[in-house]
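Colleague: Hey, dropping upload-v6.cif in here, mmCIF, C-alpha atoms:
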data_coords
loop_
_atom_site.label_atom_id
_atom_site.label_comp_id
_atom_site.auth_asym_id
_atom_site.auth_seq_id
_atom_site.Cartn_x
_atom_site.Cartn_y
_atom_site.Cartn_z
CA MET A 14 -12.84 -49.15 -22.92
CA LYS A 15 -12.22 -48.40 -19.26
CA GLU A 16 -8.45 -48.23 -19.68
CA LYS A 17 -8.67 -45.70 -22.52
CA SER A 18 -11.01 -43.48 -20.50
CA ILE A 19 -8.67 -43.63 -17.50
CA GLU A 20 -5.74 -42.67 -19.75
CA LEU A 21 -7.63 -39.68 -21.18
CA LEU A 22 -8.86 -38.58 -17.76
CA ASN A 23 -5.28 -38.65 -16.42
CA ARG A 24 -4.08 -36.64 -19.42
CA ALA A 25 -6.78 -34.09 -18.59
CA ILE A 26 -5.62 -33.99 -14.97
CA ALA A 27 -2.08 -33.22 -16.14
CA ASP A 28 -3.44 -30.35 -18.28
CA GLU A 29 -5.60 -28.99 -15.48
CA LEU A 30 -2.76 -29.15 -12.94
CA SER A 31 -0.51 -27.31 -15.39
CA ALA A 32 -3.19 -24.64 -15.74
CA VAL A 33 -3.53 -24.32 -11.94
CA HIS A 34 0.21 -23.77 -11.56
CA GLN A 35 0.43 -21.36 -14.50
CA TYR A 36 -2.58 -19.30 -13.46
CA MET A 37 -1.48 -19.07 -9.84
CA TYR A 38 1.93 -17.88 -11.05
CA PHE A 39 0.17 -15.20 -13.12
CA HIS A 40 -2.09 -14.36 -10.16
CA PHE A 41 0.93 -13.73 -7.92
CA HIS A 42 2.67 -11.55 -10.49
CA CYS A 43 -0.43 -9.54 -11.44
CA ASP A 44 -1.14 -8.96 -7.76
CA ASP A 45 2.46 -7.85 -7.19
CA GLN A 46 2.16 -5.39 -10.08
CA GLY A 47 -1.10 -4.00 -8.68
CA TYR A 48 -3.37 -5.46 -11.38
CA GLU A 49 -6.10 -6.56 -9.01
CA LEU A 50 -8.78 -7.41 -11.59
CA LEU A 51 -6.47 -9.61 -13.64
CA SER A 52 -4.99 -11.13 -10.51
CA GLY A 53 -8.47 -12.10 -9.38
CA LEU A 54 -9.35 -13.52 -12.80
CA PHE A 55 -6.29 -15.77 -12.81
CA LYS A 56 -6.98 -16.89 -9.22
CA ARG A 57 -10.66 -17.69 -9.88
CA THR A 58 -9.76 -19.63 -13.01
CA ALA A 59 -7.10 -21.61 -11.13
CA ILE A 60 -9.69 -22.55 -8.51
CA GLU A 61 -12.10 -23.71 -11.23
CA GLU A 62 -9.31 -25.79 -12.76
CA MET A 63 -8.76 -27.40 -9.34
CA ARG A 64 -12.43 -28.35 -9.30
CA HIS A 65 -11.94 -29.93 -12.72
CA VAL A 66 -9.13 -32.05 -11.31
CA GLU A 67 -11.48 -33.22 -8.57
CA VAL A 68 -14.22 -34.25 -11.05
CA LEU A 69 -11.71 -36.04 -13.26
CA ALA A 70 -10.13 -37.87 -10.30
CA GLU A 71 -13.52 -38.97 -8.99
CA ARG A 72 -14.33 -40.50 -12.38
CA ILE A 73 -10.98 -42.30 -12.52
CA LEU A 74 -11.58 -43.77 -9.08
CA PHE A 75 -15.10 -44.82 -10.07
CA LEU A 76 -13.55 -46.65 -13.03
CA LYS A 77 -11.15 -48.34 -10.54
CA GLY A 78 -8.14 -46.57 -12.01
CA GLU A 79 -5.16 -44.86 -10.44
CA VAL A 80 -5.07 -41.06 -10.37
CA ASP A 81 -1.77 -39.73 -11.72
CA MET A 82 -1.07 -36.31 -10.27
CA LYS A 83 1.51 -35.41 -12.90
CA VAL A 84 1.77 -31.87 -14.17
CA GLY A 85 1.80 -31.71 -17.96
CA HIS A 86 3.98 -28.62 -18.45
CA GLU A 87 6.43 -26.47 -16.55
CA VAL A 88 5.32 -23.00 -15.54
CA LYS A 89 6.32 -20.37 -18.09
CA ARG A 90 7.89 -17.40 -16.32
CA ILE A 91 6.04 -14.59 -18.02
CA HIS A 92 5.68 -11.16 -16.40
CA ASP A 93 4.16 -9.20 -19.29
CA VAL A 94 0.38 -9.06 -18.90
CA LYS A 95 -0.39 -9.27 -22.62
CA GLU A 96 1.79 -12.37 -22.94
CA MET A 97 0.11 -13.88 -19.85
CA LEU A 98 -3.33 -13.39 -21.36
CA GLU A 99 -2.27 -14.72 -24.76
CA LEU A 100 -0.81 -17.86 -23.20
CA ALA A 101 -3.91 -18.35 -21.04
CA ALA A 102 -6.19 -17.99 -24.09
CA GLN A 103 -4.08 -20.51 -26.01
CA MET A 104 -4.09 -22.96 -23.10
CA GLU A 105 -7.89 -22.78 -22.90
CA THR A 106 -8.24 -23.26 -26.66
CA ASP A 107 -5.90 -26.27 -26.61
CA SER A 108 -7.79 -27.82 -23.69
CA ALA A 109 -11.18 -27.32 -25.34
CA ASN A 110 -9.88 -28.94 -28.53
CA ASP A 111 -8.42 -31.90 -26.61
CA TYR A 112 -11.57 -32.38 -24.55
CA ASN A 113 -13.75 -32.32 -27.67
CA ARG A 114 -11.61 -35.04 -29.26
CA TRP A 115 -11.54 -37.07 -26.06
CA ALA A 116 -15.33 -36.81 -25.65
CA ASN A 117 -15.65 -38.32 -29.12
CA GLU A 118 -13.21 -41.11 -28.23
CA CYS A 119 -15.20 -41.91 -25.11
CA ALA A 120 -18.40 -42.03 -27.18
CA GLN A 121 -16.75 -44.50 -29.55
CA ASN A 122 -15.81 -46.62 -26.52
CA ALA A 123 -19.36 -46.57 -25.11
CA ASP A 124 -18.41 -44.46 -22.08
CA SER A 125 -21.08 -41.79 -22.11
CA ALA A 126 -20.46 -40.67 -18.51
CA THR A 127 -16.84 -39.73 -19.23
CA LYS A 128 -17.95 -38.20 -22.54
CA LYS A 129 -20.33 -35.91 -20.62
CA ILE A 130 -17.53 -34.87 -18.26
CA PHE A 131 -15.33 -33.87 -21.18
CA GLU A 132 -18.22 -32.00 -22.82
CA ALA A 133 -18.84 -30.04 -19.62
CA LEU A 134 -15.13 -29.21 -19.46
CA VAL A 135 -15.28 -27.87 -23.03
CA ASP A 136 -18.00 -25.43 -21.93
CA ASP A 137 -15.85 -24.22 -19.01
CA GLU A 138 -12.68 -23.91 -21.09
CA GLU A 139 -14.51 -21.93 -23.78
CA ARG A 140 -15.88 -19.59 -21.10
CA HIS A 141 -12.35 -19.15 -19.71
CA PHE A 142 -11.07 -18.43 -23.22
CA ASP A 143 -13.77 -15.79 -23.66
CA GLN A 144 -12.74 -14.07 -20.42
CA TYR A 145 -9.08 -13.94 -21.44
CA ASP A 146 -9.98 -12.86 -24.98
CA LYS A 147 -12.02 -9.93 -23.60
CA GLU A 148 -9.05 -8.87 -21.48
CA ILE A 149 -6.78 -9.03 -24.54
CA ASP A 150 -9.31 -6.82 -26.36
CA ASN A 151 -9.34 -4.36 -23.43
CA LEU A 152 -5.56 -4.12 -23.56
CA ALA A 153 -5.67 -3.54 -27.31
CA LYS A 154 -8.32 -0.81 -26.94
CA PHE A 155 -6.99 0.98 -23.87
CA GLY A 156 -3.32 -0.01 -23.73
CA ASP A 157 -1.34 0.70 -20.59
CA LYS A 158 -4.15 2.97 -19.36
CA TYR A 159 -6.19 -0.16 -18.69
CA LEU A 160 -3.47 -1.57 -16.44
CA ALA A 161 -2.81 1.80 -14.82
CA LEU A 162 -6.45 2.09 -13.78
CA GLN A 163 -6.25 -1.29 -12.03
CA SER A 164 -3.09 -0.27 -10.21
CA ILE A 165 -4.58 3.07 -9.15
CA GLU A 166 -7.71 1.39 -7.80
CA GLN A 167 -5.60 -0.97 -5.69
CA SER A 168 -3.50 1.93 -4.38
CA LYS A 169 -6.64 3.88 -3.45
CA ARG A 170 -8.05 0.88 -1.60
CA ILE A 171 -4.84 0.36 0.34
CA ALA A 172 -4.57 4.07 1.17
CA ALA A 173 -8.15 3.92 2.51
CA GLY A 174 -7.11 1.11 4.88
CA ARG A 175 -8.74 -1.77 2.97
CA PRO A 176 -5.77 -3.98 1.99
CA GLY A 177 -6.07 -7.49 0.63
CA ASN A 178 -8.28 -9.13 -1.96
#
Is it possible to give me this structure as structure tokens?
Modeller:
Amino acid sequence: MKEKSIELLNRAIADELSAVHQYMYFHFHCDDQGYELLSGLFKRTAIEEMRHVEVLAERILFLKGEVDMKVGHEVKRIHDVKEMLELAAQMETDSANDYNRWANECAQNADSATKKIFEALVDDEERHFDQYDKEIDNLAKFGDKYLALQSIEQSKRIAAGRPGN
């Protein structure tokens, strides 16, 4: 029982670390392109994913396991905002699906505490998906105008002497 939970928790850490790296990459590139709102969304999500890593690691240590800090996937070098959002939405969907399955596995192994952790992660991942999905909808509705407005707002702020996020 304990070994299976530790394995699943470490797999989740690899997913979360991959998300942190990917979202920070997107944050940097959105910020560089002047898309402050999207940049902030990616940064906030990356920070939440770091908190997930912490919760997962604490559970592994409680179970007397070893925390593997392996990243699951390489960062995809995407600069197009629509593609960034689509990948982020897919990553969140995949994570929610995995965490649902793993919660069920933990239940079958009589590990309700780890099951609850995975269930809480599903809630967070679905919320993240919803945020990215709304941004995809905004792009579809408003097109490049949506991105231009973000860039203009950042330029106005900088011109007014209020640089930085």
Colleague: Determine the residue set returned by the PyMOL selection byres ((chain A and resi 135) around 12) for the present structure, and present it as a PDB file with C-alpha atoms, in the frame of the given file.
Modeller:
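selection_15.pdb, written as the output of this step:
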ATOM      1  CA  ALA A  25      -6.780 -34.090 -18.590  1.00  0.00           C
ATOM      2  CA  HIS A  65     -11.940 -29.930 -12.720  1.00  0.00           C
ATOM      3  CA  GLU A 105      -7.890 -22.780 -22.900  1.00  0.00           C
ATOM      4  CA  THR A 106      -8.240 -23.260 -26.660  1.00  0.00           C
ATOM      5  CA  ASP A 107      -5.900 -26.270 -26.610  1.00  0.00           C
ATOM      6  CA  SER A 108      -7.790 -27.820 -23.690  1.00  0.00           C
ATOM      7  CA  ALA A 109     -11.180 -27.320 -25.340  1.00  0.00           C
ATOM      8  CA  ASN A 110      -9.880 -28.940 -28.530  1.00  0.00           C
ATOM      9  CA  ASP A 111      -8.420 -31.900 -26.610  1.00  0.00           C
ATOM     10  CA  TYR A 112     -11.570 -32.380 -24.550  1.00  0.00           C
ATOM     11  CA  ASN A 113     -13.750 -32.320 -27.670  1.00  0.00           C
ATOM     12  CA  ARG A 114     -11.610 -35.040 -29.260  1.00  0.00           C
ATOM     13  CA  TRP A 115     -11.540 -37.070 -26.060  1.00  0.00           C
ATOM     14  CA  ALA A 116     -15.330 -36.810 -25.650  1.00  0.00           C
ATOM     15  CA  LYS A 128     -17.950 -38.200 -22.540  1.00  0.00           C
ATOM     16  CA  LYS A 129     -20.330 -35.910 -20.620  1.00  0.00           C
ATOM     17  CA  ILE A 130     -17.530 -34.870 -18.260  1.00  0.00           C
ATOM     18  CA  PHE A 131     -15.330 -33.870 -21.180  1.00  0.00           C
ATOM     19  CA  GLU A 132     -18.220 -32.000 -22.820  1.00  0.00           C
ATOM     20  CA  ALA A 133     -18.840 -30.040 -19.620  1.00  0.00           C
ATOM     21  CA  LEU A 134     -15.130 -29.210 -19.460  1.00  0.00           C
ATOM     22  CA  ASP A 136     -18.000 -25.430 -21.930  1.00  0.00           C
ATOM     23  CA  ASP A 137     -15.850 -24.220 -19.010  1.00  0.00           C
ATOM     24  CA  GLU A 138     -12.680 -23.910 -21.090  1.00  0.00           C
ATOM     25  CA  GLU A 139     -14.510 -21.930 -23.780  1.00  0.00           C
ATOM     26  CA  ARG A 140     -15.880 -19.590 -21.100  1.00  0.00           C
ATOM     27  CA  HIS A 141     -12.350 -19.150 -19.710  1.00  0.00           C
ATOM     28  CA  PHE A 142     -11.070 -18.430 -23.220  1.00  0.00           C
TER      29      PHE A 142
END
Colleague: Mind running region 32-111 of chain A against region 143-164 of chain A at 8 Å and telling me each contacting residue's nearest atom pair with the distance in Å (one decimal), counting all atoms listed in the file, chain and number ascending, as a Markdown table?
Modeller:
| residue | atom | partner | partner_atom | distance |
| --- | --- | --- | --- | --- |
| A:Gln46 | CA | A:Ser164 | CA | 7.3 |
| A:Gly47 | CA | A:Ser164 | CA | 4.5 |
| A:Tyr48 | CA | A:Gln163 | CA | 5.1 |
| A:Glu49 | CA | A:Gln163 | CA | 6.1 |
| A:Leu50 | CA | A:Gln163 | CA | 6.6 |
| A:Lys95 | CA | A:Ile149 | CA | 6.7 |
| A:Leu98 | CA | A:Tyr145 | CA | 5.8 |
| A:Glu99 | CA | A:Ile149 | CA | 7.3 |
| A:Ala101 | CA | A:Tyr145 | CA | 6.8 |
| A:Ala102 | CA | A:Tyr145 | CA | 5.6 |
Colleague: Name the residues captured by the PyMOL selection byres ((chain A and resi 122) around 9) when it is applied to the shown file; answer as a short mmCIF file (atom, residue, chain, number, x, y, z; two decimals) with C-alpha atoms, in the frame of the given file.
Modeller:
data_model
loop_
_atom_site.label_atom_id
_atom_site.label_comp_id
_atom_site.auth_asym_id
_atom_site.auth_seq_id
_atom_site.Cartn_x
_atom_site.Cartn_y
_atom_site.Cartn_z
CA MET A 14 -12.84 -49.15 -22.92
CA LYS A 15 -12.22 -48.40 -19.26
CA LYS A 17 -8.67 -45.70 -22.52
CA SER A 18 -11.01 -43.48 -20.50
CA ASN A 117 -15.65 -38.32 -29.12
CA GLU A 118 -13.21 -41.11 -28.23
CA CYS A 119 -15.20 -41.91 -25.11
CA ALA A 120 -18.40 -42.03 -27.18
CA GLN A 121 -16.75 -44.50 -29.55
CA ALA A 123 -19.36 -46.57 -25.11
CA ASP A 124 -18.41 -44.46 -22.08
CA SER A 125 -21.08 -41.79 -22.11
#
Colleague: Could you check the closest approach to Ser52 (chain A) for each of A:Met37, A:Leu22, A:Val80, A:Ala32 and tell me which residue wins, using only C-alpha atoms?
Modeller: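 Going through A:Met37, A:Leu22, A:Val80, A:Ala32 one by one, the smallest distance to Ser52 (chain A) is for A:Met37.
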Colleague: Just give me the gap between CA of His34 (chain A) and CA of Arg90 (chain A) in Å, one decimal is fine.
Modeller: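 That distance, rounded to one decimal, is 11.1 Å.
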